[in-house]
Number of protein chains: 2
Amino acid sequence: MAVHTFYCPSWIDVGKGVLNTLPDIVKPYGKNVFVVMDAFFANHPLKDRITGLLPGCEVKFYTKVTPNPRTNDIDEGAGICRDFGAEVIVAIGGGSAIDTAKAINIVATNGGGAWDYARRAGETPREIVKPLLPLIAVPTTSGTGSEATRYSVITDHITHAKSTIKTDLNFPVRSLVDPELTVSMPRKTTALTGIDAFAHCFESYIGTKANPFSEMFSLQGIKLFIHSIERACENGNDMEAREEMAMCSTLGGLSITHSATTLPHGIGQALSGVTDAPHGGSIAVCMPEVIRWTLPYGQKKFAEVARMFDPSLASKSEEEQAYALPDILDNLFTKIAGEKMTMAKYGMTEEKIPAVVDMAFHNYKGDLSRHPRVPTEEELTELIRKCL
Amino acid sequence: MAVHTFYCPSWIDVGKGVLNTLPDIVKPYGKNVFVVMDAFFANHPLKDRITGLLPGCEVKFYTKVTPNPRTNDIDEGAGICRDFGAEVIVAIGGGSAIDTAKAINIVATNGGGAWDYARRAGETPREIVKPLLPLIAVPTTSGTGSEATRYSVITDHITHAKSTIKTDLNFPVRSLVDPELTVSMPRKTTALTGIDAFAHCFESYIGTKANPFSEMFSLQGIKLFIHSIERACENGNDMEAREEMAMCSTLGGLSITHSATTLPHGIGQALSGVTDAPHGGSIAVCMPEVIRWTLPYGQKKFAEVARMFDPSLASKSEEEQAYALPDILDNLFTKIAGEKMTMAKYGMTEEKIPAVVDMAFHNYKGDLSRHPRVPTEEELTELIRKCL
């Protein structure tokens, strides 16, 4: 019998206005506060709001954060963080800002460079021996779930290879998940980040590492996604929908913390590495086809998710339910994004397939191996061709 | 909008044989291991097994553990723990052993007596200022969920008043939930502890503090209870059933950690205070009647749970579904316990009703106030009379 583990030590508060508790939360840790924010916020009122919330503190902002956090930016930020004498780190933004802050925390306290700590084929990541600073995560999108994970995804600035720093020390000590911060997200970003959150829940659910703990996070997240993603896209000010999507995103993080992503993330991330496809979009363009390809190998969980989207399917056979899911998702993704997304639109071509397959097998083998149907290189090539 | 909090820092491993990982788990904390065990284990092979698992360690056993942990036993154990120079505490047994160990940990490290730290009307519990020892919880029943909570329920040995030490420091650093340890539980104990686990899930679910986090723990726990309690009672060696009940119990702990118990626990605990009713039995004898009394004030969640027990109810109205629940539970409790449980059998009489009502209102007001229908003293009197 397998051992099922429950573990996420982060204290996570989800609710409108929780950012206002930041002063109380920072206080016990010290007065030197290093704030890592998305570049997007460099001249944003949110920056002044943060300063205003921390009147007795020295606040140092670092906003060199890119969508795929680069090791040189992280290492530079770590130096500034160390020189500043930071006592606590606050990460505000999407997954990139939180992942950057996690990596800065490790480098600032343990030295070396961020890439030393990442998982790379054939190499043992450098050990973290000194205690990290407390990290407070404040997501401003509802997608990544990084506020509830031990992961920090980073990109080597020289080779552009992507990898992950995976350590229990990466869990934020506190996470403030305030749906008010997501209200200004444009519709398209809401849709793509929402698809990412759904993918975390869904892929963890169908994956071979799924267990009673991960499954409950997954199902609760999927339920909230179904209930709120359309409303959040249609009306960004719908606070109930924003709140449910914020919760969905956190549950997605808890899902991958207790299980893991599978083939759609494997293909999607490789696609983003080869083209400039945005993360959520790269998953949307392959997930329906991945499901169709997987269904001959098991239908139960797919049928269950299909019924959650469309309870009227209950009268159909399990097979019919399961086979309805790819179209349900395809139609929903198109509807919320406002357009049909395809690999071709992201610059993907027949010629680039080998590169995507190669990257998937090299960098995202875990995603492939945890999928309920594990593809060969030939099968993956054929599968990606169908998504073009 | 309310703030919903996710927080349980304990690392919890659930699975057959996880007790065998104890050596690796104890190792980083030190060699002086203080083991708190149920009195029942004083001359049990499990004691030798623990010693055998920790060959390089000094192991000191403390087995003065009673079903309602008494302050004098806790304070005595704390003295022994301190004198021994314990570096880590291992708690093995039912909820009483784990709750005793939690309280010993506080007193051994912070001084005073256990009762100083308990919540009492009109008094501020003594502050915990010094760090506690790491506590590893190993439950041997599937009921209390103490391996996943911040609670330690203790009884003042002089006044026999019961109270709770509630602190985030009470969360075990690790919990080893090994269903193999529950195999020897007699049928009746399996039934009564299982009812307690179900009650934690169910009461948290219907309570006014329920939220998307607690609800998912509750529903997953209820699902496992329905799937496995009868099999665990009928055949104690059914390892799948034992494992699912172990998981159910942990989920019950997570449920009350994120929401809380309600009226059945309020009445049940007061009943146990006035009579000698066992904890699980005290809840079983009032829960169906409590539900009947509550239904005019809301049916949705009760109907949902009823459908989980009996999917064929789906064709009925929500009202019919909800009103089916009390009988479903009554019949199931009788079936698994092997006899119809009643308050009268536990020595409860008409004359003792005022004492139970009084204790419920004084010691378990929180349970009452979080119930979806809050009783007056008159209503509670009438309700208990119906359970006689």
# chains A, B, ... in the order shown; residues from 1 in each chain; ligands from 1
$ select_by_dssp --residues "stretch 243-376 of chain B" --states "alpha helix (DSSP H)" --output "count of residues only"
88
$ interface_residues --of "chain A" --to "chain B" --cutoff "8 Å" --atoms "only C-alpha atoms" --output "ChimeraX atom specification"
/A:1-16,18,212,216-217,220
$ atom_distance --atom1 "atom CA of A:Asp116" --atom2 "atom CA of A:Gly145"
24.1 Å
$ residues_around --residues "B:Pro264" --least-positions-apart "6" --cutoff "7 Å" --atoms "only C-alpha atoms" --output "tab-separated table (two decimals) with N, CA and C atoms, in the first residue's frame"
chain	number	residue	atom	x	y	z
B	283	ILE	N	-22.18	10.74	21.30
B	283	ILE	CA	-22.57	11.49	20.09
B	283	ILE	C	-23.62	10.70	19.31
B	286	CYS	N	-27.30	11.12	20.35
B	286	CYS	CA	-28.03	12.39	20.17
B	286	CYS	C	-28.05	12.88	18.74
B	287	MET	N	-27.11	12.44	17.92
B	287	MET	CA	-27.00	13.04	16.59
B	287	MET	C	-28.27	12.94	15.74
B	290	VAL	N	-30.76	15.43	17.04
B	290	VAL	CA	-30.28	16.79	16.79
B	290	VAL	C	-30.57	17.18	15.34
$ residues_around --residues "A:Phe202" --least-positions-apart "4" --cutoff "10 Å" --atoms "only C-alpha atoms" --output "PyMOL selection string"
chain A and resi 196-198+206-207+215+217-219+221-222+252+255-256+260-262+264+301-302+305
$ residues_around --residues "A:Glu127" --least-positions-apart "3" --cutoff "12 Å" --atoms "only C-alpha atoms" --output "count of residues only"
18
$ residues_around --residues "A:Thr376" --least-positions-apart "6" --cutoff "10 Å" --atoms "only C-alpha atoms" --output "list in words"
Val357, Phe361, Leu368 and Glu382 of chain A
$ closest_residue --among "A:Pro375, A:Gly298, A:Pro172, A:Gly122" --to "A:Leu135" --atoms "only C-alpha atoms"
A:Pro172
$ atom_distance --atom1 "atom CA of A:Ile154" --atom2 "atom CA of A:Lys64"
13.5 Å
$ residues_around --residues "B:Ile25" --least-positions-apart "2" --cutoff "12 Å" --atoms "only C-alpha atoms" --output "PyMOL selection string"
chain B and resi 11-13+18-23+27-31+33+53-54+88-90+134-138+173-176
$ write_last_selection --atoms "N, CA and C atoms" --output "short mmCIF file (atom, residue, chain, number, x, y, z; two decimals), in the first residue's frame"
data_model
loop_
_atom_site.label_atom_id
_atom_site.label_comp_id
_atom_site.auth_asym_id
_atom_site.auth_seq_id
_atom_site.Cartn_x
_atom_site.Cartn_y
_atom_site.Cartn_z
N TRP B 11 3.24 17.40 9.20
CA TRP B 11 3.52 16.48 8.09
C TRP B 11 2.86 15.16 8.47
N ILE B 12 1.87 14.74 7.70
CA ILE B 12 1.08 13.56 8.06
C ILE B 12 1.25 12.48 7.00
N ASP B 13 1.77 11.34 7.43
CA ASP B 13 1.89 10.19 6.53
C ASP B 13 0.84 9.15 6.91
N VAL B 18 3.74 2.66 8.06
CA VAL B 18 4.51 3.91 8.22
C VAL B 18 5.19 4.01 9.59
N LEU B 19 4.73 3.24 10.57
CA LEU B 19 5.40 3.27 11.88
C LEU B 19 6.87 2.89 11.73
N ASN B 20 7.17 2.05 10.73
CA ASN B 20 8.56 1.62 10.52
C ASN B 20 9.49 2.76 10.13
N THR B 21 8.94 3.91 9.76
CA THR B 21 9.79 5.05 9.42
C THR B 21 10.18 5.85 10.67
N LEU B 22 9.67 5.43 11.84
CA LEU B 22 9.92 6.18 13.07
C LEU B 22 11.40 6.49 13.30
N PRO B 23 12.31 5.52 13.11
CA PRO B 23 13.73 5.82 13.37
C PRO B 23 14.23 7.01 12.56
N LYS B 27 15.35 10.64 14.33
CA LYS B 27 16.80 10.90 14.23
C LYS B 27 17.22 12.37 14.28
N PRO B 28 16.67 13.23 13.41
CA PRO B 28 17.17 14.61 13.40
C PRO B 28 16.90 15.36 14.70
N TYR B 29 16.00 14.84 15.53
CA TYR B 29 15.62 15.60 16.72
C TYR B 29 16.45 15.26 17.95
N GLY B 30 17.06 14.08 17.98
CA GLY B 30 17.88 13.75 19.14
C GLY B 30 17.75 12.30 19.56
N LYS B 31 18.40 11.96 20.67
CA LYS B 31 18.46 10.56 21.12
C LYS B 31 17.61 10.29 22.35
N VAL B 33 14.29 10.07 23.80
CA VAL B 33 12.93 10.01 23.27
C VAL B 33 11.94 9.69 24.40
N LEU B 53 12.66 -0.24 17.54
CA LEU B 53 12.78 0.68 16.40
C LEU B 53 13.79 1.80 16.67
N LEU B 54 14.15 1.98 17.97
CA LEU B 54 15.01 3.12 18.32
C LEU B 54 16.26 2.64 19.04
N VAL B 88 12.73 14.81 22.15
CA VAL B 88 11.59 14.63 21.25
C VAL B 88 10.55 13.78 21.98
N ILE B 89 9.28 14.06 21.72
CA ILE B 89 8.19 13.30 22.34
C ILE B 89 7.46 12.50 21.26
N VAL B 90 7.21 11.24 21.56
CA VAL B 90 6.41 10.41 20.65
C VAL B 90 5.14 10.02 21.41
N PRO B 134 9.74 18.86 19.65
CA PRO B 134 9.01 18.27 18.52
C PRO B 134 8.19 17.08 19.01
N LEU B 135 6.94 17.02 18.56
CA LEU B 135 6.04 15.94 18.98
C LEU B 135 5.62 15.12 17.77
N ILE B 136 5.80 13.82 17.87
CA ILE B 136 5.42 12.91 16.79
C ILE B 136 4.20 12.12 17.26
N ALA B 137 3.11 12.21 16.50
CA ALA B 137 1.86 11.54 16.91
C ALA B 137 1.66 10.25 16.12
N VAL B 138 1.35 9.18 16.85
CA VAL B 138 1.10 7.88 16.22
C VAL B 138 -0.23 7.34 16.73
N VAL B 173 4.69 17.78 14.87
CA VAL B 173 5.58 18.07 13.76
C VAL B 173 5.44 16.99 12.70
N ARG B 174 5.22 15.76 13.13
CA ARG B 174 4.98 14.65 12.21
C ARG B 174 3.88 13.77 12.79
N SER B 175 3.06 13.21 11.93
CA SER B 175 2.08 12.22 12.37
C SER B 175 2.22 10.98 11.50
N LEU B 176 2.34 9.85 12.17
CA LEU B 176 2.43 8.57 11.46
C LEU B 176 1.12 7.83 11.69
#
$ atom_distance --atom1 "atom CA of B:Lys162" --atom2 "atom CA of B:Arg150"
16.4 Å
$ closest_residue --among "A:Pro139, A:Gly79, A:Gly56, A:Gly268" --to "A:Ala97" --atoms "only C-alpha atoms"
A:Pro139
$ select_by_dssp --residues "stretch 172-330 of chain A" --states "strand (DSSP E or B)" --output "PyMOL selection string"
chain A and resi 174-177
$ write_last_selection --atoms "N, CA and C atoms" --output "mmCIF file, in the first residue's frame"
data_model
loop_
_atom_site.group_PDB
_atom_site.id
_atom_site.type_symbol
_atom_site.label_atom_id
_atom_site.label_comp_id
_atom_site.auth_asym_id
_atom_site.auth_seq_id
_atom_site.Cartn_x
_atom_site.Cartn_y
_atom_site.Cartn_z
ATOM 1 N N ARG A 174 3.535 32.638 5.171
ATOM 2 C CA ARG A 174 2.158 33.130 5.097
ATOM 3 C C ARG A 174 1.826 33.444 3.646
ATOM 4 N N SER A 175 0.579 33.227 3.278
ATOM 5 C CA SER A 175 0.119 33.651 1.965
ATOM 6 C C SER A 175 -1.163 34.454 2.137
ATOM 7 N N LEU A 176 -1.160 35.637 1.531
ATOM 8 C CA LEU A 176 -2.349 36.487 1.567
ATOM 9 C C LEU A 176 -2.961 36.468 0.172
ATOM 10 N N VAL A 177 -4.057 35.755 0.034
ATOM 11 C CA VAL A 177 -4.689 35.590 -1.276
ATOM 12 C C VAL A 177 -5.918 36.499 -1.312
#
$ decode --residues "stretch 329-358 of chain B" --atoms "N, CA and C atoms" --output "tab-separated table (two decimals), in the first residue's frame"
chain	number	residue	atom	x	y	z
B	329	LEU	N	-28.60	7.36	9.78
B	329	LEU	CA	-27.52	7.33	10.77
B	329	LEU	C	-27.88	6.43	11.95
B	330	ASP	N	-29.11	6.55	12.42
B	330	ASP	CA	-29.56	5.73	13.54
B	330	ASP	C	-29.37	4.25	13.22
B	331	ASN	N	-29.82	3.84	12.06
B	331	ASN	CA	-29.70	2.43	11.68
B	331	ASN	C	-28.24	2.01	11.53
B	332	LEU	N	-27.45	2.87	10.92
B	332	LEU	CA	-26.04	2.53	10.71
B	332	LEU	C	-25.30	2.42	12.05
B	333	PHE	N	-25.52	3.40	12.93
B	333	PHE	CA	-24.85	3.38	14.24
B	333	PHE	C	-25.21	2.09	15.00
B	334	THR	N	-26.49	1.73	14.95
B	334	THR	CA	-26.94	0.51	15.64
B	334	THR	C	-26.27	-0.72	15.03
B	335	LYS	N	-26.23	-0.73	13.71
B	335	LYS	CA	-25.65	-1.87	13.01
B	335	LYS	C	-24.17	-2.05	13.35
B	336	ILE	N	-23.40	-0.97	13.26
B	336	ILE	CA	-21.95	-1.13	13.46
B	336	ILE	C	-21.61	-1.38	14.93
B	337	ALA	N	-22.38	-0.79	15.85
B	337	ALA	CA	-22.09	-0.99	17.27
B	337	ALA	C	-22.60	-2.34	17.75
B	338	GLY	N	-23.50	-2.95	16.97
B	338	GLY	CA	-24.03	-4.26	17.36
B	338	GLY	C	-25.18	-4.16	18.34
B	339	GLU	N	-25.60	-2.97	18.67
B	339	GLU	CA	-26.75	-2.78	19.55
B	339	GLU	C	-27.25	-1.34	19.42
B	340	LYS	N	-28.50	-1.15	19.75
B	340	LYS	CA	-29.06	0.20	19.75
B	340	LYS	C	-28.50	0.94	20.97
B	341	MET	N	-27.82	2.06	20.73
B	341	MET	CA	-27.29	2.85	21.85
B	341	MET	C	-28.33	3.89	22.26
B	342	THR	N	-28.47	4.09	23.56
B	342	THR	CA	-29.39	5.12	24.05
B	342	THR	C	-28.74	5.83	25.24
B	343	MET	N	-29.24	7.02	25.52
B	343	MET	CA	-28.75	7.74	26.69
B	343	MET	C	-29.03	6.95	27.96
B	344	ALA	N	-30.21	6.33	28.01
B	344	ALA	CA	-30.60	5.57	29.20
B	344	ALA	C	-29.57	4.49	29.52
B	345	LYS	N	-29.10	3.81	28.49
B	345	LYS	CA	-28.10	2.75	28.73
B	345	LYS	C	-26.81	3.29	29.32
B	346	TYR	N	-26.54	4.56	29.08
B	346	TYR	CA	-25.34	5.17	29.66
B	346	TYR	C	-25.63	5.77	31.04
B	347	GLY	N	-26.79	5.44	31.59
B	347	GLY	CA	-27.11	5.91	32.94
B	347	GLY	C	-27.72	7.30	32.99
B	348	MET	N	-28.17	7.76	31.83
B	348	MET	CA	-28.77	9.09	31.78
B	348	MET	C	-30.24	8.99	32.19
B	349	THR	N	-30.68	9.96	33.00
B	349	THR	CA	-32.07	9.98	33.46
B	349	THR	C	-32.66	11.38	33.29
B	350	GLU	N	-33.96	11.44	33.39
B	350	GLU	CA	-34.68	12.71	33.36
B	350	GLU	C	-34.08	13.70	34.37
B	351	GLU	N	-33.73	13.18	35.55
B	351	GLU	CA	-33.22	14.04	36.62
B	351	GLU	C	-31.88	14.69	36.26
B	352	LYS	N	-31.13	14.00	35.41
B	352	LYS	CA	-29.79	14.53	35.10
B	352	LYS	C	-29.80	15.54	33.94
B	353	ILE	N	-30.99	15.72	33.33
B	353	ILE	CA	-31.03	16.63	32.16
B	353	ILE	C	-30.53	18.04	32.50
B	354	PRO	N	-30.99	18.63	33.61
B	354	PRO	CA	-30.51	19.99	33.89
B	354	PRO	C	-28.99	20.07	34.01
B	355	ALA	N	-28.36	19.04	34.56
B	355	ALA	CA	-26.90	19.05	34.69
B	355	ALA	C	-26.22	19.01	33.33
B	356	VAL	N	-26.80	18.21	32.42
B	356	VAL	CA	-26.22	18.12	31.07
B	356	VAL	C	-26.40	19.45	30.33
B	357	VAL	N	-27.61	20.00	30.44
B	357	VAL	CA	-27.88	21.29	29.78
B	357	VAL	C	-26.94	22.35	30.33
B	358	ASP	N	-26.79	22.35	31.63
B	358	ASP	CA	-25.94	23.35	32.28
B	358	ASP	C	-24.49	23.22	31.80
